[in-house]
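Coordinates as given in model-v5.cif (mmCIF, C-alpha atoms and all ligand atoms):
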```cif
data_target
#
loop_
_atom_site.group_PDB
_atom_site.id
_atom_site.type_symbol
_atom_site.label_atom_id
_atom_site.label_comp_id
_atom_site.auth_asym_id
_atom_site.auth_seq_id
_atom_site.Cartn_x
_atom_site.Cartn_y
_atom_site.Cartn_z
ATOM 1 C CA MET A 45 -108.265 106.588 2.267
ATOM 2 C CA SER A 46 -107.304 104.007 4.906
ATOM 3 C CA ASP A 47 -105.885 100.552 4.197
ATOM 4 C CA PRO A 48 -108.931 98.728 5.700
ATOM 5 C CA GLU A 49 -111.224 100.737 3.404
ATOM 6 C CA LEU A 50 -109.086 99.854 0.391
ATOM 7 C CA ASP A 51 -109.009 96.199 1.505
ATOM 8 C CA GLU A 52 -112.804 96.160 1.618
ATOM 9 C CA MET A 53 -113.038 97.761 -1.821
ATOM 10 C CA PHE A 54 -110.583 95.214 -3.221
ATOM 11 C CA THR A 55 -112.570 92.301 -1.761
ATOM 12 C CA THR A 56 -115.774 93.744 -3.255
ATOM 13 C CA ALA A 57 -114.073 94.212 -6.640
ATOM 14 C CA ILE A 58 -113.128 90.518 -6.730
ATOM 15 C CA GLU A 59 -116.612 89.442 -5.611
ATOM 16 C CA VAL A 60 -118.370 91.451 -8.337
ATOM 17 C CA ALA A 61 -115.836 90.239 -10.927
ATOM 18 C CA LYS A 62 -116.690 86.621 -10.021
ATOM 19 C CA ALA A 63 -120.436 87.365 -10.243
ATOM 20 C CA ALA A 64 -119.923 89.053 -13.636
ATOM 21 C CA GLY A 65 -117.881 86.044 -14.764
ATOM 22 C CA GLN A 66 -120.770 83.738 -13.909
ATOM 23 C CA ILE A 67 -123.150 85.763 -16.116
ATOM 24 C CA ILE A 68 -120.604 85.652 -18.965
ATOM 25 C CA ARG A 69 -120.092 81.877 -18.571
ATOM 26 C CA ASP A 70 -123.851 81.192 -18.480
ATOM 27 C CA ALA A 71 -124.429 83.085 -21.747
ATOM 28 C CA PHE A 72 -121.182 82.273 -23.555
ATOM 29 C CA HIS A 73 -122.355 79.367 -25.722
ATOM 30 C CA LYS A 74 -125.921 80.591 -26.141
ATOM 31 C CA GLU A 75 -127.495 82.757 -28.848
ATOM 32 C CA LYS A 76 -126.994 86.413 -27.849
ATOM 33 C CA GLU A 77 -129.353 89.338 -28.178
ATOM 34 C CA VAL A 78 -127.134 91.900 -29.895
ATOM 35 C CA ASP A 79 -127.711 95.626 -30.452
ATOM 36 C CA ILE A 80 -125.629 98.011 -32.502
ATOM 37 C CA LYS A 81 -124.367 101.178 -30.805
ATOM 38 C CA MET A 82 -122.256 103.615 -32.900
ATOM 39 C CA ASN A 83 -121.962 101.322 -35.951
ATOM 40 C CA PRO A 84 -122.032 97.573 -36.768
ATOM 41 C CA ALA A 85 -118.522 97.239 -35.292
ATOM 42 C CA ASP A 86 -119.682 98.558 -31.907
ATOM 43 C CA LEU A 87 -121.941 96.046 -30.133
ATOM 44 C CA VAL A 88 -123.827 95.614 -26.896
ATOM 45 C CA THR A 89 -125.630 92.509 -25.623
ATOM 46 C CA GLU A 90 -128.182 91.909 -22.888
ATOM 47 C CA SER A 91 -125.339 90.391 -20.816
ATOM 48 C CA ASP A 92 -123.300 93.642 -20.977
ATOM 49 C CA GLN A 93 -126.340 95.497 -19.623
ATOM 50 C CA ALA A 94 -127.222 92.887 -16.987
ATOM 51 C CA ILE A 95 -123.653 92.828 -15.617
ATOM 52 C CA GLU A 96 -123.395 96.607 -15.471
ATOM 53 C CA LYS A 97 -126.711 96.896 -13.574
ATOM 54 C CA MET A 98 -125.720 94.155 -11.117
ATOM 55 C CA VAL A 99 -122.290 95.701 -10.425
ATOM 56 C CA HIS A 100 -123.677 99.226 -10.100
ATOM 57 C CA SER A 101 -126.320 98.161 -7.599
ATOM 58 C CA ARG A 102 -123.868 96.120 -5.477
ATOM 59 C CA ILE A 103 -121.332 98.933 -5.376
ATOM 60 C CA SER A 104 -123.815 101.693 -4.612
ATOM 61 C CA GLU A 105 -125.301 99.576 -1.827
ATOM 62 C CA LYS A 106 -121.894 99.026 -0.222
ATOM 63 C CA PHE A 107 -120.277 102.371 -1.006
ATOM 64 C CA PRO A 108 -123.151 104.852 -1.417
ATOM 65 C CA ASN A 109 -120.835 107.876 -1.623
ATOM 66 C CA HIS A 110 -118.596 106.505 -4.349
ATOM 67 C CA ARG A 111 -118.938 107.501 -8.016
ATOM 68 C CA PHE A 112 -119.521 105.051 -10.850
ATOM 69 C CA ILE A 113 -118.611 105.193 -14.554
ATOM 70 C CA GLY A 114 -119.799 102.298 -16.708
ATOM 71 C CA GLU A 115 -119.551 101.742 -20.439
ATOM 72 C CA GLU A 116 -123.214 100.932 -21.002
ATOM 73 C CA SER A 117 -124.758 103.558 -18.713
ATOM 74 C CA THR A 118 -122.539 106.181 -20.374
ATOM 75 C CA ALA A 119 -123.659 104.970 -23.823
ATOM 76 C CA GLU A 120 -127.328 105.057 -22.752
ATOM 77 C CA SER A 121 -127.259 108.515 -21.146
ATOM 78 C CA GLY A 122 -124.977 110.006 -23.795
ATOM 79 C CA GLU A 123 -123.431 112.088 -21.006
ATOM 80 C CA LYS A 124 -119.717 112.875 -20.996
ATOM 81 C CA HIS A 125 -117.904 111.426 -18.005
ATOM 82 C CA CYS A 126 -115.361 113.383 -15.998
ATOM 83 C CA LEU A 127 -112.943 112.472 -13.243
ATOM 84 C CA THR A 128 -113.034 113.968 -9.755
ATOM 85 C CA ASP A 129 -111.003 113.213 -6.616
ATOM 86 C CA GLU A 130 -113.862 111.109 -5.201
ATOM 87 C CA PRO A 131 -113.446 107.302 -5.161
ATOM 88 C CA THR A 132 -114.703 106.221 -8.596
ATOM 89 C CA TRP A 133 -115.480 102.712 -9.833
ATOM 90 C CA ILE A 134 -114.945 102.400 -13.573
ATOM 91 C CA ILE A 135 -116.259 99.274 -15.252
ATOM 92 C CA ASP A 136 -116.536 97.627 -18.610
ATOM 93 C CA PRO A 137 -119.046 94.796 -18.081
ATOM 94 C CA ILE A 138 -117.789 92.878 -21.120
ATOM 95 C CA ASP A 139 -114.577 94.046 -22.720
ATOM 96 C CA GLY A 140 -114.382 92.146 -25.963
ATOM 97 C CA THR A 141 -118.100 92.137 -26.785
ATOM 98 C CA THR A 142 -117.443 91.099 -30.398
ATOM 99 C CA ASN A 143 -115.484 88.089 -29.101
ATOM 100 C CA PHE A 144 -118.360 87.300 -26.735
ATOM 101 C CA VAL A 145 -120.904 87.442 -29.585
ATOM 102 C CA ASN A 146 -118.700 85.014 -31.552
ATOM 103 C CA SER A 147 -117.981 82.778 -28.524
ATOM 104 C CA VAL A 148 -114.257 83.576 -28.666
ATOM 105 C CA GLN A 149 -112.582 83.123 -25.268
ATOM 106 C CA GLU A 150 -110.888 86.522 -24.910
ATOM 107 C CA VAL A 151 -113.798 88.121 -23.084
ATOM 108 C CA SER A 152 -113.168 90.025 -19.885
ATOM 109 C CA PHE A 153 -114.833 91.930 -17.088
ATOM 110 C CA SER A 154 -112.782 95.025 -16.284
ATOM 111 C CA LEU A 155 -112.969 97.102 -13.102
ATOM 112 C CA GLY A 156 -110.690 99.922 -11.996
ATOM 113 C CA VAL A 157 -111.021 102.119 -8.927
ATOM 114 C CA MET A 158 -109.564 105.622 -8.922
ATOM 115 C CA VAL A 159 -109.049 107.759 -5.826
ATOM 116 C CA ASN A 160 -107.749 111.306 -6.221
ATOM 117 C CA GLN A 161 -107.562 110.511 -9.944
ATOM 118 C CA LYS A 162 -105.015 107.725 -9.378
ATOM 119 C CA THR A 163 -105.863 104.101 -10.081
ATOM 120 C CA VAL A 164 -105.582 102.171 -6.814
ATOM 121 C CA ILE A 165 -107.283 98.876 -7.766
ATOM 122 C CA GLY A 166 -107.399 97.000 -11.070
ATOM 123 C CA VAL A 167 -109.259 93.741 -11.663
ATOM 124 C CA VAL A 168 -109.603 92.016 -15.035
ATOM 125 C CA TYR A 169 -111.378 88.671 -15.066
ATOM 126 C CA VAL A 170 -111.367 86.351 -18.093
ATOM 127 C CA PRO A 171 -113.961 83.835 -16.873
ATOM 128 C CA ILE A 172 -113.847 81.352 -19.743
ATOM 129 C CA LYS A 173 -110.132 80.824 -19.034
ATOM 130 C CA GLU A 174 -110.503 81.174 -15.241
ATOM 131 C CA GLU A 175 -107.915 83.964 -15.285
ATOM 132 C CA MET A 176 -108.286 86.591 -12.548
ATOM 133 C CA TYR A 177 -105.772 89.436 -12.944
ATOM 134 C CA THR A 178 -105.501 91.813 -10.001
ATOM 135 C CA ALA A 179 -103.355 94.744 -8.935
ATOM 136 C CA ARG A 180 -103.246 97.290 -6.154
ATOM 137 C CA LEU A 181 -101.170 100.422 -6.417
ATOM 138 C CA GLY A 182 -97.658 99.717 -5.117
ATOM 139 C CA ARG A 183 -98.364 96.046 -4.346
ATOM 140 C CA GLY A 184 -97.621 94.235 -7.617
ATOM 141 C CA ALA A 185 -99.859 92.458 -10.113
ATOM 142 C CA TYR A 186 -101.107 88.881 -9.990
ATOM 143 C CA LEU A 187 -102.675 86.288 -12.276
ATOM 144 C CA ASN A 188 -104.689 84.130 -9.900
ATOM 145 C CA ASP A 189 -101.998 83.706 -7.180
ATOM 146 C CA LYS A 190 -98.961 84.088 -9.416
ATOM 147 C CA LYS A 191 -97.023 87.382 -9.372
ATOM 148 C CA LEU A 192 -96.682 88.911 -12.810
ATOM 149 C CA GLN A 193 -93.545 90.325 -14.390
ATOM 150 C CA ALA A 194 -93.503 91.979 -17.807
ATOM 151 C CA SER A 195 -90.819 91.002 -20.298
ATOM 152 C CA LYS A 196 -87.369 92.694 -20.106
ATOM 153 C CA ILE A 197 -86.880 93.014 -23.868
ATOM 154 C CA THR A 198 -85.523 96.431 -24.931
ATOM 155 C CA ASP A 199 -85.379 96.045 -28.719
ATOM 156 C CA LEU A 200 -88.611 96.551 -30.673
ATOM 157 C CA LYS A 201 -87.283 94.119 -33.298
ATOM 158 C CA GLN A 202 -87.639 91.322 -30.724
ATOM 159 C CA ALA A 203 -91.049 92.484 -29.515
ATOM 160 C CA VAL A 204 -94.506 91.104 -30.227
ATOM 161 C CA VAL A 205 -96.828 94.107 -30.452
ATOM 162 C CA ILE A 206 -100.553 93.923 -29.773
ATOM 163 C CA THR A 207 -102.861 96.370 -31.514
ATOM 164 C CA GLU A 208 -106.446 96.509 -32.742
ATOM 165 C CA GLY A 209 -108.534 97.703 -35.677
ATOM 166 C CA GLY A 210 -111.013 99.220 -33.177
ATOM 167 C CA SER A 211 -114.584 100.239 -33.884
ATOM 168 C CA SER A 212 -114.275 103.576 -35.708
ATOM 169 C CA ARG A 213 -114.984 103.348 -39.434
ATOM 170 C CA ASP A 214 -113.973 106.952 -40.145
ATOM 171 C CA ALA A 215 -111.830 106.773 -43.309
ATOM 172 C CA LYS A 216 -108.983 108.922 -41.938
ATOM 173 C CA VAL A 217 -108.841 107.013 -38.660
ATOM 174 C CA VAL A 218 -108.724 103.688 -40.497
ATOM 175 C CA GLU A 219 -106.017 105.007 -42.855
ATOM 176 C CA ASP A 220 -103.808 106.093 -39.923
ATOM 177 C CA LYS A 221 -104.313 102.760 -38.155
ATOM 178 C CA VAL A 222 -103.248 100.889 -41.292
ATOM 179 C CA LYS A 223 -100.122 103.081 -41.502
ATOM 180 C CA ASN A 224 -99.332 102.380 -37.866
ATOM 181 C CA ILE A 225 -99.802 98.642 -38.388
ATOM 182 C CA HIS A 226 -97.520 98.804 -41.432
ATOM 183 C CA ALA A 227 -94.816 100.485 -39.317
ATOM 184 C CA LEU A 228 -95.291 98.022 -36.449
ATOM 185 C CA ILE A 229 -95.033 94.958 -38.702
ATOM 186 C CA THR A 230 -91.909 96.413 -40.300
ATOM 187 C CA HIS A 231 -90.138 97.146 -37.003
ATOM 188 C CA SER A 232 -91.313 94.384 -34.641
ATOM 189 C CA ARG A 233 -91.259 90.587 -34.438
ATOM 190 C CA GLY A 234 -94.985 90.401 -35.146
ATOM 191 C CA ILE A 235 -98.371 91.788 -34.287
ATOM 192 C CA ARG A 236 -101.381 90.286 -32.518
ATOM 193 C CA ALA A 237 -104.979 91.403 -31.814
ATOM 194 C CA TYR A 238 -106.969 89.688 -29.042
ATOM 195 C CA GLY A 239 -110.074 91.915 -29.312
ATOM 196 C CA SER A 240 -110.125 93.288 -25.759
ATOM 197 C CA ALA A 241 -108.014 96.173 -24.471
ATOM 198 C CA ALA A 242 -108.100 94.768 -20.938
ATOM 199 C CA VAL A 243 -106.907 91.336 -22.119
ATOM 200 C CA ASN A 244 -104.221 92.952 -24.293
ATOM 201 C CA LEU A 245 -102.799 94.850 -21.309
ATOM 202 C CA CYS A 246 -102.854 91.689 -19.171
ATOM 203 C CA HIS A 247 -100.922 89.870 -21.905
ATOM 204 C CA VAL A 248 -98.173 92.514 -21.680
ATOM 205 C CA ALA A 249 -98.247 92.207 -17.869
ATOM 206 C CA ALA A 250 -97.846 88.427 -18.166
ATOM 207 C CA GLY A 251 -94.974 88.663 -20.688
ATOM 208 C CA ARG A 252 -97.078 87.114 -23.488
ATOM 209 C CA GLY A 253 -96.391 90.139 -25.652
ATOM 210 C CA GLN A 254 -94.072 93.101 -25.238
ATOM 211 C CA ALA A 255 -96.263 96.073 -26.174
ATOM 212 C CA TYR A 256 -99.784 97.231 -26.893
ATOM 213 C CA VAL A 257 -101.032 100.378 -28.591
ATOM 214 C CA GLU A 258 -104.566 101.415 -29.431
ATOM 215 C CA TYR A 259 -106.555 104.494 -30.455
ATOM 216 C CA GLY A 260 -110.304 104.805 -29.893
ATOM 217 C CA VAL A 261 -110.424 102.955 -26.570
ATOM 218 C CA HIS A 262 -112.092 104.359 -23.471
ATOM 219 C CA ILE A 263 -111.205 104.667 -19.803
ATOM 220 C CA TRP A 264 -113.378 101.617 -18.932
ATOM 221 C CA ASP A 265 -111.517 99.493 -21.512
ATOM 222 C CA PHE A 266 -108.025 100.178 -20.189
ATOM 223 C CA ILE A 267 -107.932 101.676 -16.679
ATOM 224 C CA ALA A 268 -107.771 98.342 -14.798
ATOM 225 C CA GLY A 269 -105.399 96.668 -17.272
ATOM 226 C CA ALA A 270 -103.126 99.722 -17.229
ATOM 227 C CA LEU A 271 -102.578 99.369 -13.453
ATOM 228 C CA ILE A 272 -102.025 95.603 -13.809
ATOM 229 C CA ALA A 273 -99.417 96.180 -16.554
ATOM 230 C CA ALA A 274 -97.706 99.007 -14.633
ATOM 231 C CA GLU A 275 -97.576 96.933 -11.438
ATOM 232 C CA ALA A 276 -95.994 94.106 -13.455
ATOM 233 C CA GLY A 277 -93.202 96.511 -14.423
ATOM 234 C CA ALA A 278 -94.452 97.734 -17.818
ATOM 235 C CA VAL A 279 -94.546 101.360 -18.940
ATOM 236 C CA VAL A 280 -97.964 102.916 -19.613
ATOM 237 C CA LEU A 281 -98.069 106.155 -21.584
ATOM 238 C CA ASP A 282 -99.887 108.186 -24.177
ATOM 239 C CA PRO A 283 -98.835 106.908 -27.642
ATOM 240 C CA THR A 284 -96.890 110.158 -28.205
ATOM 241 C CA GLY A 285 -94.664 109.247 -25.253
ATOM 242 C CA CYS A 286 -96.329 111.806 -22.908
ATOM 243 C CA ASP A 287 -98.114 110.878 -19.682
ATOM 244 C CA LEU A 288 -101.303 108.868 -20.106
ATOM 245 C CA ASN A 289 -104.460 110.963 -19.895
ATOM 246 C CA PRO A 290 -107.221 108.464 -18.989
ATOM 247 C CA LEU A 291 -109.864 110.625 -20.654
ATOM 248 C CA ARG A 292 -108.072 110.704 -24.003
ATOM 249 C CA CYS A 293 -109.097 107.655 -25.967
ATOM 250 C CA ARG A 294 -105.624 106.187 -26.558
ATOM 251 C CA ILE A 295 -102.955 104.181 -24.803
ATOM 252 C CA LEU A 296 -99.464 102.786 -25.270
ATOM 253 C CA CYS A 297 -98.078 100.078 -23.018
ATOM 254 C CA ALA A 298 -94.614 98.561 -23.396
ATOM 255 C CA CYS A 299 -92.543 96.139 -21.358
ATOM 256 C CA THR A 300 -89.593 98.585 -21.129
ATOM 257 C CA PRO A 301 -89.036 102.341 -21.681
ATOM 258 C CA GLU A 302 -86.845 101.500 -24.707
ATOM 259 C CA VAL A 303 -89.655 99.619 -26.467
ATOM 260 C CA ALA A 304 -92.114 102.406 -25.537
ATOM 261 C CA GLN A 305 -89.816 105.027 -27.055
ATOM 262 C CA ALA A 306 -89.324 103.046 -30.263
ATOM 263 C CA MET A 307 -93.090 102.497 -30.541
ATOM 264 C CA SER A 308 -93.930 106.188 -30.158
ATOM 265 C CA GLN A 309 -91.318 107.017 -32.799
ATOM 266 C CA TRP A 310 -93.248 104.956 -35.381
ATOM 267 C CA ASN A 311 -96.604 106.263 -34.326
ATOM 268 C CA ILE A 312 -98.318 108.073 -37.202
ATOM 269 C CA ARG A 313 -101.611 109.006 -35.609
ATOM 270 C CA GLY A 314 -100.117 110.424 -32.424
ATOM 271 C CA ARG A 315 -98.034 112.815 -34.499
ATOM 272 C CA ARG A 316 -101.133 114.456 -35.941
ATOM 273 C CA ALA A 317 -101.391 116.866 -33.035
ATOM 274 C CA ASN A 318 -104.598 118.557 -34.129
ATOM 275 C CA PHE A 319 -106.336 115.436 -35.265
ATOM 276 C CA GLU A 320 -109.770 114.911 -33.823
ATOM 277 C CA GLU A 321 -109.741 111.795 -31.645
ATOM 278 C CA LEU A 322 -112.106 108.925 -32.077
HETATM 279 C C1 LIG B 401 -113.400 96.833 -27.250
HETATM 280 C C2 LIG B 401 -111.958 97.178 -26.884
HETATM 281 C C3 LIG B 401 -111.035 96.786 -28.020
HETATM 282 C C4 LIG B 401 -111.396 97.580 -29.217
HETATM 283 C C5 LIG B 401 -112.831 97.310 -29.618
HETATM 284 C C6 LIG B 401 -113.777 97.607 -28.474
HETATM 285 P P1 LIG B 401 -115.767 96.608 -25.974
HETATM 286 O O1 LIG B 401 -114.247 97.166 -26.170
HETATM 287 O O2 LIG B 401 -111.543 96.568 -25.741
HETATM 288 O O3 LIG B 401 -109.697 96.997 -27.640
HETATM 289 O O4 LIG B 401 -110.521 97.310 -30.277
HETATM 290 O O5 LIG B 401 -113.193 98.091 -30.720
HETATM 291 O O6 LIG B 401 -113.799 98.981 -28.178
HETATM 292 O O7 LIG B 401 -116.613 97.425 -26.877
HETATM 293 O O8 LIG B 401 -115.757 95.166 -26.332
HETATM 294 O O9 LIG B 401 -116.060 96.868 -24.544
#
```

Please render this file's structure as structure tokens.
Amino acid sequence: MSDPELDEMFTTAIEVAKAAGQIIRDAFHKEKEVDIKMNPADLVTESDQAIEKMVHSRISEKFPNHRFIGEESTAESGEKHCLTDEPTWIIDPIDGTTNFVNSVQEVSFSLGVMVNQKTVIGVVYVPIKEEMYTARLGRGAYLNDKKLQASKITDLKQAVVITEGGSSRDAKVVEDKVKNIHALITHSRGIRAYGSAAVNLCHVAAGRGQAYVEYGVHIWDFIAGALIAAEAGAVVLDPTGCDLNPLRCRILCACTPEVAQAMSQWNIRGRRANFEEL
């Protein structure tokens, strides 16, 4: 894929992120129409659906041969998504829907573009805070116009670790998450949860935390933030310490390889090799 083509895709990504941000801003302080998806911890609003439709139609108009994976269309069709070598736009219209429903500011629009199964563009927009995070493969990561650099800390004891409860209410999954959180509190400086995978990854990219780990997240939640964090110098892996598989619902991001290694050492759930993933 040529540089001018990628430039055009990047410009379009920013344009649709701004348009999505406007829809989020317009609805943010209003009463939301909320539907339950998998369970009462897994929500969708009319704004999630409106943004996804708008982005899908703009992208298919401009790039008719490109593929599209969106959180809400996948939920509606119930179809499993797969990755091919074709250019693929992967979006989460509102990452942090529970925050959005509660008018909490950590609400983001997340868009990643993969070509030959590599992420080449990542855009995460947090409209309420006017924070536009962008990255292109090999070209660094930016918050608005400022270049991002992840923290250089190597000792987990000095690290602030971001993690989430997630939306699964399966008893075994919850039990493992609690064990992981116990281990993380014991071995780190503290833990945080901002309610959006994309925002969490951008916090690591911006040095506002040193690591992030989560199970039960999807490609649309993390693919853009993962490129932004990696381009800011962070390490992005599977929580076991292996390479990240974007179709496995789990991710570990750390500011340095040393923190990543220490995190995977304390990871309970990742060690259950045959455990069904949620
Ligand atoms: C959210 C993720 C978050 C996770 C939530 C939820 P959504 O995505 O970004 O990290 O803990 O359970 O999956 O549903 O707001 O797009």

**Item:** Shell of 10 Å around ligand LIG 401 (chain B) (all atoms listed in the file), written as a ChimeraX atom specification
**Value:** /A:81,85-88,92,115-116,135-145,151-154,206-212,237-245,256-262,264-266

Near Arg252 (chain A), counting all atoms listed in the file, which residues have an atom at most 10 Å away, once you skip same-chain residues fewer than 4 positions from it, shown as a short mmCIF file (atom, residue, chain, number, x, y, z; two decimals) with C-alpha atoms, in the coordinates of the input?
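Final file, out28.cif:
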```cif
data_model
loop_
_atom_site.label_atom_id
_atom_site.label_comp_id
_atom_site.auth_asym_id
_atom_site.auth_seq_id
_atom_site.Cartn_x
_atom_site.Cartn_y
_atom_site.Cartn_z
CA ALA A 194 -93.50 91.98 -17.81
CA SER A 195 -90.82 91.00 -20.30
CA VAL A 204 -94.51 91.10 -30.23
CA VAL A 205 -96.83 94.11 -30.45
CA ILE A 206 -100.55 93.92 -29.77
CA ASN A 244 -104.22 92.95 -24.29
CA LEU A 245 -102.80 94.85 -21.31
CA CYS A 246 -102.85 91.69 -19.17
CA HIS A 247 -100.92 89.87 -21.90
CA VAL A 248 -98.17 92.51 -21.68
#
```

**Item:** Proximity to Arg183 (chain A) - best of A:Gly285, A:Gly251, A:Gly269, A:Gly277, all atoms listed in the file
**Value:** A:Gly277

**Request:** Select, from A:Thr284, A:Thr163, A:Thr55, A:Gln149, the residue with the minimum atom-to-atom distance to Gln305 (chain A), counting all atoms listed in the file.
**Result:**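 Using all atoms listed in the file, Gln305 (chain A) sits closest to A:Thr284.
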
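Computed from the coordinates, the CA of Gly184 (chain A) to CA of Asp282 (chain A) distance equals 21.8 Å.
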
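Between CA of Cys126 (chain A) and CA of Leu181 (chain A) the separation is 21.5 Å.
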